[in-house]
file query-v5.tsv (TSV, C-alpha atoms)
chain	number	residue	atom	x	y	z
D	158	MET	CA	-29.92	-16.00	13.70
D	159	SER	CA	-30.99	-12.48	14.66
D	160	GLU	CA	-28.65	-9.53	14.04
D	161	PRO	CA	-27.93	-8.86	17.76
D	162	ILE	CA	-27.15	-12.54	18.38
D	163	LEU	CA	-24.97	-12.71	15.27
D	164	ALA	CA	-23.10	-9.55	16.29
D	165	ALA	CA	-22.41	-11.00	19.75
D	166	ALA	CA	-21.22	-14.27	18.25
D	167	LEU	CA	-18.85	-12.46	15.91
D	168	ALA	CA	-17.50	-10.33	18.76
D	169	ASP	CA	-16.64	-13.44	20.79
D	170	ALA	CA	-15.14	-15.36	17.86
D	171	PRO	CA	-11.41	-15.38	17.04
D	172	LEU	CA	-10.46	-12.58	14.68
D	173	SER	CA	-10.70	-13.66	11.06
D	174	PRO	CA	-7.56	-13.41	8.90
D	175	TRP	CA	-9.84	-11.48	6.52
D	176	ARG	CA	-11.04	-9.03	9.19
D	177	LEU	CA	-9.60	-6.06	7.31
D	178	SER	CA	-8.08	-5.87	3.84
D	179	VAL	CA	-7.17	-3.48	1.05
D	180	ALA	CA	-8.84	-4.28	-2.26
D	181	PRO	CA	-6.94	-5.40	-5.35
D	182	MET	CA	-6.85	-2.38	-7.67
D	183	LEU	CA	-5.50	-2.55	-11.20
D	184	ASP	CA	-2.50	-0.28	-11.79
D	185	TRP	CA	-2.45	0.66	-8.11
D	186	THR	CA	-1.79	-2.21	-5.69
D	187	ASP	CA	1.59	-3.22	-7.07
D	188	ARG	CA	4.46	-4.31	-4.83
D	189	HIS	CA	5.54	-0.71	-4.17
D	190	CYS	CA	2.05	0.24	-3.03
D	191	ARG	CA	1.85	-2.81	-0.79
D	192	HIS	CA	5.22	-2.01	0.80
D	193	PHE	CA	4.00	1.50	1.58
D	194	HIS	CA	0.79	0.15	3.10
D	195	ARG	CA	2.83	-2.18	5.31
D	196	LEU	CA	4.52	0.85	6.85
D	197	LEU	CA	1.04	1.82	8.07
D	198	THR	CA	-0.52	-1.50	9.09
D	199	ARG	CA	0.89	-4.94	9.85
D	200	ARG	CA	-2.34	-6.92	10.13
D	201	THR	CA	-4.43	-5.69	7.21
D	202	ARG	CA	-4.51	-8.24	4.40
D	203	LEU	CA	-3.10	-6.98	1.09
D	204	TYR	CA	-3.90	-8.07	-2.47
D	205	THR	CA	-2.04	-7.86	-5.75
D	206	GLU	CA	-3.51	-6.28	-8.80
D	207	MET	CA	-5.48	-8.77	-10.85
D	208	VAL	CA	-3.07	-10.88	-12.91
D	209	THR	CA	-4.44	-12.95	-15.77
D	210	THR	CA	-3.57	-16.61	-16.04
D	211	GLY	CA	-2.22	-15.97	-19.53
D	212	ALA	CA	0.17	-13.30	-18.29
D	213	LEU	CA	1.56	-15.70	-15.69
D	214	LEU	CA	1.79	-18.77	-17.88
D	215	HIS	CA	3.22	-17.02	-20.94
D	216	GLY	CA	4.79	-13.83	-19.58
D	217	ASP	CA	7.40	-12.60	-17.13
D	218	GLN	CA	6.48	-14.48	-13.96
D	219	SER	CA	8.94	-12.70	-11.70
D	220	ARG	CA	7.66	-9.29	-12.76
D	221	HIS	CA	4.12	-10.29	-11.86
D	222	LEU	CA	4.80	-12.38	-8.76
D	223	ASP	CA	7.83	-11.06	-6.90
D	224	PHE	CA	7.09	-9.36	-3.59
D	225	GLY	CA	8.86	-8.47	-0.36
D	226	GLU	CA	8.62	-10.39	2.89
D	227	ILE	CA	7.21	-7.30	4.60
D	228	GLU	CA	4.03	-7.67	2.54
D	229	HIS	CA	2.65	-10.76	4.32
D	230	PRO	CA	-0.20	-11.55	4.59
D	231	VAL	CA	-0.55	-11.03	0.86
D	232	ALA	CA	-2.88	-12.63	-1.67
D	233	LEU	CA	-2.54	-13.14	-5.41
D	234	GLN	CA	-5.66	-12.23	-7.37
D	235	LEU	CA	-6.13	-14.18	-10.59
D	236	GLY	CA	-8.22	-13.44	-13.65
D	237	GLY	CA	-9.12	-16.54	-15.61
D	238	SER	CA	-11.65	-19.30	-16.11
D	239	GLU	CA	-9.87	-22.41	-17.40
D	240	PRO	CA	-9.46	-24.86	-14.47
D	241	ALA	CA	-6.10	-26.21	-15.66
D	242	ASP	CA	-4.68	-22.72	-16.09
D	243	LEU	CA	-5.99	-21.60	-12.71
D	244	ALA	CA	-4.46	-24.66	-11.06
D	245	ALA	CA	-1.09	-24.00	-12.71
D	246	CYS	CA	-1.16	-20.38	-11.52
D	247	ALA	CA	-2.15	-21.45	-8.01
D	248	ARG	CA	0.94	-23.64	-7.95
D	249	LEU	CA	3.01	-20.61	-8.92
D	250	ALA	CA	1.42	-18.64	-6.09
D	251	ALA	CA	2.37	-21.38	-3.64
D	252	LYS	CA	5.91	-21.53	-5.05
D	253	TRP	CA	6.34	-17.77	-4.62
D	254	GLY	CA	5.00	-17.89	-1.05
D	255	TYR	CA	1.63	-16.14	-1.30
D	256	ASP	CA	-0.85	-16.58	1.54
D	257	GLU	CA	-3.99	-16.88	-0.59
D	258	VAL	CA	-5.23	-17.16	-4.17
D	259	ASN	CA	-8.27	-15.05	-5.01
D	260	LEU	CA	-10.38	-15.51	-8.14
D	261	ASN	CA	-11.77	-12.34	-9.71
D	262	CYS	CA	-15.49	-12.69	-10.45
D	263	GLY	CA	-16.26	-9.01	-10.09
D	264	CYS	CA	-14.41	-6.94	-12.70
D	265	PRO	CA	-16.92	-5.60	-15.26
D	266	SER	CA	-14.55	-4.18	-17.89
D	267	GLU	CA	-15.17	-5.13	-21.50
D	268	ARG	CA	-11.55	-6.22	-21.92
D	269	VAL	CA	-11.94	-8.67	-19.06
D	270	GLN	CA	-15.26	-9.89	-20.47
D	271	ARG	CA	-13.56	-10.63	-23.80
D	272	GLY	CA	-11.27	-12.91	-21.85
D	273	ALA	CA	-14.34	-14.70	-20.43
D	274	PHE	CA	-13.57	-13.93	-16.80
D	275	GLY	CA	-14.35	-11.31	-14.19
D	276	ALA	CA	-17.96	-10.42	-13.39
D	277	CYS	CA	-19.37	-12.32	-16.35
D	278	LEU	CA	-18.38	-15.54	-14.53
D	279	MET	CA	-21.25	-14.94	-12.12
D	280	ALA	CA	-23.52	-16.17	-14.92
D	281	GLU	CA	-21.50	-19.41	-14.99
D	282	PRO	CA	-21.23	-20.66	-11.40
D	283	ALA	CA	-20.42	-24.19	-12.58
D	284	THR	CA	-17.33	-22.84	-14.36
D	285	VAL	CA	-16.28	-20.97	-11.22
D	286	ALA	CA	-16.84	-24.09	-9.13
D	287	ASP	CA	-14.65	-26.13	-11.49
D	288	GLY	CA	-11.89	-23.53	-11.20
D	289	VAL	CA	-12.11	-23.50	-7.41
D	290	ARG	CA	-11.92	-27.30	-7.26
D	291	ALA	CA	-8.91	-27.35	-9.57
D	292	MET	CA	-7.04	-24.81	-7.46
D	293	ARG	CA	-7.96	-26.52	-4.19
D	294	ASP	CA	-6.68	-29.81	-5.59
D	295	ALA	CA	-3.45	-28.13	-6.70
D	296	VAL	CA	-2.43	-26.28	-3.51
D	297	ASP	CA	-3.09	-26.04	0.21
D	298	LEU	CA	-3.53	-22.26	0.13
D	299	PRO	CA	-6.93	-20.69	0.84
D	300	ILE	CA	-8.83	-20.29	-2.42
D	301	THR	CA	-11.19	-17.33	-2.23
D	302	VAL	CA	-13.61	-15.62	-4.62
D	303	LYS	CA	-14.30	-11.90	-5.03
D	304	HIS	CA	-17.60	-11.15	-6.74
D	305	ARG	CA	-20.53	-8.75	-7.05
D	306	ILE	CA	-24.07	-9.20	-5.72
D	307	GLY	CA	-25.37	-9.55	-9.27
D	308	ILE	CA	-24.89	-8.73	-12.94
D	309	ASP	CA	-26.76	-6.37	-15.22
D	310	ARG	CA	-30.35	-5.74	-14.12
D	311	ILE	CA	-30.74	-8.89	-12.03
D	312	GLU	CA	-32.24	-7.38	-8.87
D	313	SER	CA	-32.67	-10.55	-6.83
D	314	TYR	CA	-30.89	-11.56	-3.66
D	315	ASP	CA	-31.54	-15.18	-4.64
D	316	PHE	CA	-29.05	-14.80	-7.50
D	317	VAL	CA	-26.06	-14.04	-5.29
D	318	ARG	CA	-27.23	-16.49	-2.60
D	319	ASP	CA	-27.36	-19.32	-5.14
D	320	PHE	CA	-24.00	-18.32	-6.61
D	321	VAL	CA	-22.33	-18.43	-3.20
D	322	GLY	CA	-24.04	-21.70	-2.35
D	323	GLN	CA	-22.84	-23.43	-5.50
D	324	ILE	CA	-19.25	-22.19	-5.16
D	325	ALA	CA	-19.22	-23.15	-1.48
D	326	GLU	CA	-20.12	-26.72	-2.49
D	327	ALA	CA	-16.88	-26.74	-4.50
D	328	GLY	CA	-14.94	-26.02	-1.30
D	329	CYS	CA	-14.60	-22.23	-1.29
D	330	GLU	CA	-14.92	-20.94	2.28
D	331	VAL	CA	-14.16	-17.22	1.83
D	332	PHE	CA	-16.26	-14.84	-0.25
D	333	ILE	CA	-15.41	-11.16	-0.73
D	334	VAL	CA	-18.58	-9.45	-1.87
D	335	HIS	CA	-18.70	-6.07	-3.60
D	336	ALA	CA	-22.19	-4.94	-2.66
D	337	ARG	CA	-23.17	-3.62	-6.09
D	338	ASN	CA	-24.28	-5.23	-9.32
D	339	ALA	CA	-21.86	-5.21	-12.24
D	340	TRP	CA	-23.49	-3.82	-15.37
D	341	LEU	CA	-21.69	-5.59	-18.19
D	342	LYS	CA	-22.83	-3.15	-20.87
D	343	GLY	CA	-23.18	0.60	-20.90
D	344	LEU	CA	-21.01	1.55	-17.92
D	345	SER	CA	-17.29	2.09	-17.54
D	346	PRO	CA	-15.45	0.35	-14.69
D	347	LYS	CA	-15.47	3.67	-12.81
D	348	GLU	CA	-19.23	4.07	-13.32
D	349	ASN	CA	-19.67	0.47	-12.17
D	350	ARG	CA	-18.19	1.51	-8.84
D	351	GLU	CA	-20.62	4.39	-8.46
D	352	ILE	CA	-23.92	3.99	-10.33
D	353	PRO	CA	-25.35	0.56	-9.43
D	354	PRO	CA	-26.85	0.98	-5.94
D	355	LEU	CA	-25.08	-0.37	-2.89
D	356	ARG	CA	-26.93	-3.12	-1.03
D	357	HIS	CA	-24.79	-3.78	2.02
D	358	GLU	CA	-27.71	-5.52	3.71
D	359	TRP	CA	-27.56	-8.30	1.11
D	360	VAL	CA	-23.99	-9.11	2.18
D	361	TRP	CA	-25.12	-9.16	5.81
D	362	GLN	CA	-27.86	-11.57	4.76
D	363	LEU	CA	-25.29	-13.86	3.15
D	364	LYS	CA	-23.59	-14.20	6.52
D	365	ARG	CA	-26.91	-15.10	8.13
D	366	ASP	CA	-27.65	-17.65	5.41
D	367	PHE	CA	-24.11	-19.11	5.41
D	368	PRO	CA	-22.84	-18.73	8.99
D	369	ALA	CA	-20.03	-21.26	8.46
D	370	LEU	CA	-18.52	-19.26	5.59
D	371	THR	CA	-16.23	-16.26	5.87
D	372	ILE	CA	-18.08	-13.31	4.34
D	373	VAL	CA	-16.17	-10.09	3.64
D	374	ILE	CA	-17.98	-6.92	2.56
D	375	ASN	CA	-16.61	-4.45	0.00
D	376	GLY	CA	-17.94	-1.33	-1.70
D	377	GLY	CA	-18.37	2.29	-0.67
D	378	ILE	CA	-16.96	1.90	2.85
D	379	ARG	CA	-15.07	4.98	3.98
D	380	ASP	CA	-14.54	5.69	7.65
D	381	ASP	CA	-13.57	3.56	10.63
D	382	ASP	CA	-16.98	3.78	12.25
D	383	GLU	CA	-18.50	2.30	9.10
D	384	ILE	CA	-15.95	-0.52	9.22
D	385	ALA	CA	-16.88	-1.25	12.84
D	386	ARG	CA	-20.58	-1.23	11.98
D	387	HIS	CA	-20.10	-3.80	9.23
D	388	LEU	CA	-17.93	-6.00	11.45
D	389	ALA	CA	-20.96	-6.50	13.67
D	390	HIS	CA	-22.60	-8.36	10.77
D	391	VAL	CA	-19.84	-9.98	8.70
D	392	ASP	CA	-16.37	-11.45	9.18
D	393	GLY	CA	-14.37	-8.82	7.39
D	394	VAL	CA	-14.28	-5.52	5.53
D	395	MET	CA	-12.33	-4.76	2.37
D	396	VAL	CA	-11.58	-1.09	1.67
D	397	GLY	CA	-10.47	0.10	-1.76
D	398	ARG	CA	-9.93	3.60	-3.02
D	399	GLN	CA	-10.48	5.18	0.36
D	400	ALA	CA	-7.42	3.38	1.70
D	401	TYR	CA	-5.36	4.34	-1.33
D	402	HIS	CA	-6.26	8.04	-1.36
D	403	GLU	CA	-6.27	8.52	2.43
D	404	PRO	CA	-3.52	6.13	3.53
D	405	TRP	CA	-2.99	7.59	7.00
D	406	GLN	CA	-6.38	6.16	7.94
D	407	MET	CA	-4.72	2.72	7.92
D	408	ALA	CA	-2.31	3.80	10.64
D	409	GLY	CA	-5.04	3.33	13.24
D	410	TRP	CA	-6.43	0.03	12.01
D	411	ASP	CA	-4.16	-2.38	13.89
D	412	ALA	CA	-4.99	-0.79	17.24
D	413	ARG	CA	-8.73	-0.39	16.68
D	414	PHE	CA	-9.54	-3.59	14.81
D	415	PHE	CA	-6.83	-6.03	15.93
D	416	GLY	CA	-6.08	-4.79	19.43
D	417	GLU	CA	-2.36	-4.30	18.93
D	418	PRO	CA	-0.12	-1.34	18.07
D	419	GLY	CA	0.63	-0.70	14.44
D	420	PRO	CA	3.98	0.15	12.86
D	421	ALA	CA	3.22	3.82	12.14
D	422	VAL	CA	4.46	5.90	15.06
D	423	SER	CA	4.08	9.15	13.14
D	424	ARG	CA	3.75	10.42	9.59
D	425	GLU	CA	7.35	11.63	9.82
D	426	ALA	CA	8.54	8.12	10.69
D	427	VAL	CA	6.55	6.60	7.84
D	428	GLU	CA	7.93	9.16	5.42
D	429	SER	CA	11.48	8.41	6.55
D	430	ALA	CA	11.05	4.65	6.11
D	431	TRP	CA	9.42	5.20	2.73
D	432	ILE	CA	12.25	7.43	1.48
D	433	GLU	CA	14.73	4.74	2.52
D	434	TYR	CA	12.72	2.24	0.46
D	435	LEU	CA	12.76	4.61	-2.53
D	436	ASP	CA	16.55	4.82	-2.28
D	437	GLY	CA	16.61	1.06	-2.59
D	438	VAL	CA	14.31	1.15	-5.60
D	439	GLN	CA	16.64	3.58	-7.34
D	440	ALA	CA	19.71	1.58	-6.36
D	441	GLY	CA	18.08	-1.44	-8.01
D	442	GLY	CA	17.94	0.43	-11.29
D	443	ARG	CA	14.22	1.19	-11.22
D	444	PRO	CA	12.57	4.63	-11.41
D	445	TRP	CA	11.49	5.69	-7.94
D	446	PRO	CA	8.65	8.02	-9.11
D	447	THR	CA	6.72	4.90	-10.18
D	448	ALA	CA	6.67	3.90	-6.52
D	449	MET	CA	6.34	7.39	-5.04
D	450	ARG	CA	2.94	7.98	-6.67
D	451	HIS	CA	1.38	5.56	-4.18
D	452	ALA	CA	2.43	7.65	-1.17
D	453	LEU	CA	1.38	11.12	-2.32
D	454	GLY	CA	-1.59	11.09	0.05
D	455	LEU	CA	0.48	10.53	3.20
D	456	TRP	CA	0.19	14.12	4.40
D	457	ASN	CA	-3.38	14.74	3.27
D	458	GLY	CA	-5.22	17.06	5.63
D	459	GLN	CA	-2.02	18.47	7.10
D	460	ARG	CA	-0.49	21.88	6.58
D	461	GLY	CA	1.86	21.85	3.61
D	462	ALA	CA	0.42	18.65	2.09
D	463	ARG	CA	-0.17	20.22	-1.32
D	464	VAL	CA	3.39	21.60	-1.49
D	465	TRP	CA	4.76	18.18	-0.48
D	466	ARG	CA	2.75	16.45	-3.22
D	467	GLN	CA	3.88	18.99	-5.81
D	468	PHE	CA	7.53	18.64	-4.81
D	469	TRP	CA	7.53	14.86	-5.10
D	470	SER	CA	5.58	14.94	-8.38
D	471	ASP	CA	8.01	17.36	-10.06
D	472	HIS	CA	9.49	15.58	-13.07
D	473	ARG	CA	12.70	17.62	-12.70
D	474	HIS	CA	13.52	15.56	-9.61
D	475	ARG	CA	13.32	12.18	-11.31
D	476	GLU	CA	17.08	11.55	-11.48
D	477	ALA	CA	17.91	12.73	-7.96
D	478	ARG	CA	18.34	10.41	-5.01
D	479	PRO	CA	15.16	10.37	-2.88
D	480	SER	CA	16.99	10.85	0.42
D	481	GLU	CA	18.75	13.90	-0.99
D	482	LEU	CA	15.43	15.27	-2.20
D	483	ALA	CA	13.90	14.71	1.23
D	484	ARG	CA	16.67	16.69	2.89
D	485	ARG	CA	16.27	19.45	0.33
D	486	PHE	CA	12.52	19.63	0.85
D	487	HIS	CA	12.74	19.79	4.63
D	488	ASP	CA	15.50	22.41	4.49
D	489	LEU	CA	13.26	24.54	2.27
D	490	ALA	CA	10.31	23.96	4.62
D	491	ARG	CA	12.37	25.05	7.64
D	492	GLN	CA	13.55	28.14	5.82
D	493	ALA	CA	9.98	29.02	4.84
D	494	GLY	CA	8.86	28.50	8.42
D	495	SER	CA	11.61	30.75	9.78
D	496	ALA	CA	10.81	33.45	7.23
D	497	SER	CA	7.16	33.45	8.24
D	498	ASN	CA	7.91	33.87	11.97
call {"tool": "encode", "arguments": {"input": "query-v5.tsv", "output": "structure tokens"}}
result
Amino acid sequence: MSEPILAAALADAPLSPWRLSVAPMLDWTDRHCRHFHRLLTRRTRLYTEMVTTGALLHGDQSRHLDFGEIEHPVALQLGGSEPADLAACARLAAKWGYDEVNLNCGCPSERVQRGAFGACLMAEPATVADGVRAMRDAVDLPITVKHRIGIDRIESYDFVRDFVGQIAEAGCEVFIVHARNAWLKGLSPKENREIPPLRHEWVWQLKRDFPALTIVINGGIRDDDEIARHLAHVDGVMVGRQAYHEPWQMAGWDARFFGEPGPAVSREAVESAWIEYLDGVQAGGRPWPTAMRHALGLWNGQRGARVWRQFWSDHRHREARPSELARRFHDLARQAGSASN
């Protein structure tokens, strides 16, 4: 199928549930972060941080799995390779009410490799296929896979094509593809997001080769025009650090990419709703600064953004009630504005 014909077909097709999503990011996309993102976009799909099967089966399940109703649609990302463990964790995801279970086959960190999962699983497609089958047999939720286009110095499109083909035979219908190789030795996770070259065209080719599958592209995608360009070739786009660091960008996604108004009327309204949430966090006996760190980019690009970030990052405020702090900050801002006039 030629690119123009494919683009027209995608434009006429019903919108995929994976049309737009925020990537799972370790230490970042916790439940507080996801709540904040929901104040900006209703339709964008959200993902948990990667949670290992061992942590779920032998640790505090509620701490790892609890989430708020506002977060739907929300997916649980798992790290693991043993089919029985993956199936047991998929059942937990269904019990907790998640909308999807995603298997991590893309993380290149050495710690993850020692656990025999993440990107190193791309060298073992039969193992991944067994895990997918076990989870599909265990639950009715969509079972999806997030992976790279290759590992180490394998510079062949055939590698990722064959990987997707084998996992698809096991029943996986949704593939989220980070369009870089994962170098398993010699690079940090951060370097693995920057040094291996991006090959977005390989992900587009996967959609041409597997038109019946849902193919989502990830990696190095920043602005909304880029998102639109990719949506002419694939079913969905996953955005990572760009969405986290420039959250207001998400406020326009529902209107542009789903054709309906989003929840964010203004930055002021989002801030107000977020402060109310922080009051609830504190009332529940949890430290609100742990949650607030996810929203520090709300006012990026606006006058006073740096002062706002500094105020909310000040450790001397940790014990105060967030709504009281908000009133204090805006009183100070009004006073400063009056003094400058």
call {"tool": "residues_around", "arguments": {"input": "query-v5.tsv", "residues": "range 413-420 of chain D", "least_positions_apart": "6", "cutoff": "9 Å", "atoms": "only C-alpha atoms", "output": "ChimeraX atom specification"}}
result
/D:172,176-177,195-200,381,385,427
call {"tool": "residues_around", "arguments": {"input": "query-v5.tsv", "residues": "Tyr401 in chain D", "least_positions_apart": "2", "cutoff": "9 Å", "atoms": "all atoms listed in the file", "output": "PDB file with C-alpha atoms, in the coordinates of the input"}}
result
ATOM      1  CA  VAL D 179      -7.170  -3.480   1.050  1.00  0.00           C
ATOM      2  CA  TRP D 185      -2.450   0.660  -8.110  1.00  0.00           C
ATOM      3  CA  THR D 186      -1.790  -2.210  -5.690  1.00  0.00           C
ATOM      4  CA  CYS D 190       2.050   0.240  -3.030  1.00  0.00           C
ATOM      5  CA  HIS D 194       0.790   0.150   3.100  1.00  0.00           C
ATOM      6  CA  VAL D 396     -11.580  -1.090   1.670  1.00  0.00           C
ATOM      7  CA  GLY D 397     -10.470   0.100  -1.760  1.00  0.00           C
ATOM      8  CA  ARG D 398      -9.930   3.600  -3.020  1.00  0.00           C
ATOM      9  CA  GLN D 399     -10.480   5.180   0.360  1.00  0.00           C
ATOM     10  CA  GLU D 403      -6.270   8.520   2.430  1.00  0.00           C
ATOM     11  CA  PRO D 404      -3.520   6.130   3.530  1.00  0.00           C
ATOM     12  CA  HIS D 451       1.380   5.560  -4.180  1.00  0.00           C
ATOM     13  CA  ALA D 452       2.430   7.650  -1.170  1.00  0.00           C
ATOM     14  CA  GLY D 454      -1.590  11.090   0.050  1.00  0.00           C
TER      15      GLY D 454
END
call {"tool": "closest_residue", "arguments": {"input": "query-v5.tsv", "among": "D:Leu388, D:Ile300, D:Leu455, D:Val321", "to": "Ala408 in chain D", "atoms": "all atoms listed in the file"}}
result
D:Leu455
call {"tool": "atom_distance", "arguments": {"input": "query-v5.tsv", "atom1": "CA of Gly377 in chain D", "atom2": "CA of Trp465 in chain D"}}
result
28.1 Å
call {"tool": "residues_around", "arguments": {"input": "query-v5.tsv", "residues": "range 278-294 of chain D", "least_positions_apart": "5", "cutoff": "10 Å", "atoms": "all atoms listed in the file", "output": "NGL selection string"}}
result
:D and (237-248 or 258-264 or 270 or 273 or 299-302 or 304-308 or 316-317 or 319-329 or 339)
call {"tool": "residues_around", "arguments": {"input": "query-v5.tsv", "residues": "Trp340 in chain D", "least_positions_apart": "5", "cutoff": "7 Å", "atoms": "all atoms listed in the file", "output": "PyMOL selection string"}}
result
chain D and resi 265+308-309+349
call {"tool": "atom_distance", "arguments": {"input": "query-v5.tsv", "atom1": "CA of Ser266 in chain D", "atom2": "CA of Leu355 in chain D"}}
result
18.7 Å
call {"tool": "atom_distance", "arguments": {"input": "query-v5.tsv", "atom1": "CA of Ala440 in chain D", "atom2": "CA of Asp223 in chain D"}}
result
17.4 Å
call {"tool": "residues_around", "arguments": {"input": "query-v5.tsv", "residues": "Ile432 in chain D", "least_positions_apart": "2", "cutoff": "8 Å", "atoms": "only C-alpha atoms", "output": "compact mmCIF listing (two decimals) with C-alpha atoms, in the coordinates of the input"}}
result
# COMPACT_ATOMS: atom_id res chain seq x y z
CA GLU D 428 7.93 9.16 5.42
CA SER D 429 11.48 8.41 6.55
CA ALA D 430 11.05 4.65 6.11
CA TYR D 434 12.72 2.24 0.46
CA LEU D 435 12.76 4.61 -2.53
CA ASP D 436 16.55 4.82 -2.28
CA PRO D 479 15.16 10.37 -2.88
CA SER D 480 16.99 10.85 0.42
CA ALA D 483 13.90 14.71 1.23
call {"tool": "closest_residue", "arguments": {"input": "query-v5.tsv", "among": "D:Arg478, D:Arg473, D:Arg450, D:Arg202", "to": "Glu433 in chain D", "atoms": "all atoms listed in the file"}}
result
D:Arg478
call {"tool": "closest_residue", "arguments": {"input": "query-v5.tsv", "among": "D:Trp405, D:Arg485, D:Asp392, D:Pro346", "to": "Phe193 in chain D", "atoms": "all atoms listed in the file"}}
result
D:Trp405
call {"tool": "axis_aligned_box", "arguments": {"input": "query-v5.tsv", "around": "range 234-245 of chain D", "padding_each_side": "3 Å", "output": "JSON"}}
result
{"center_x": -6.4, "center_y": -19.2, "center_z": -12.4, "size_x": 16.6, "size_y": 20.0, "size_z": 16.0}
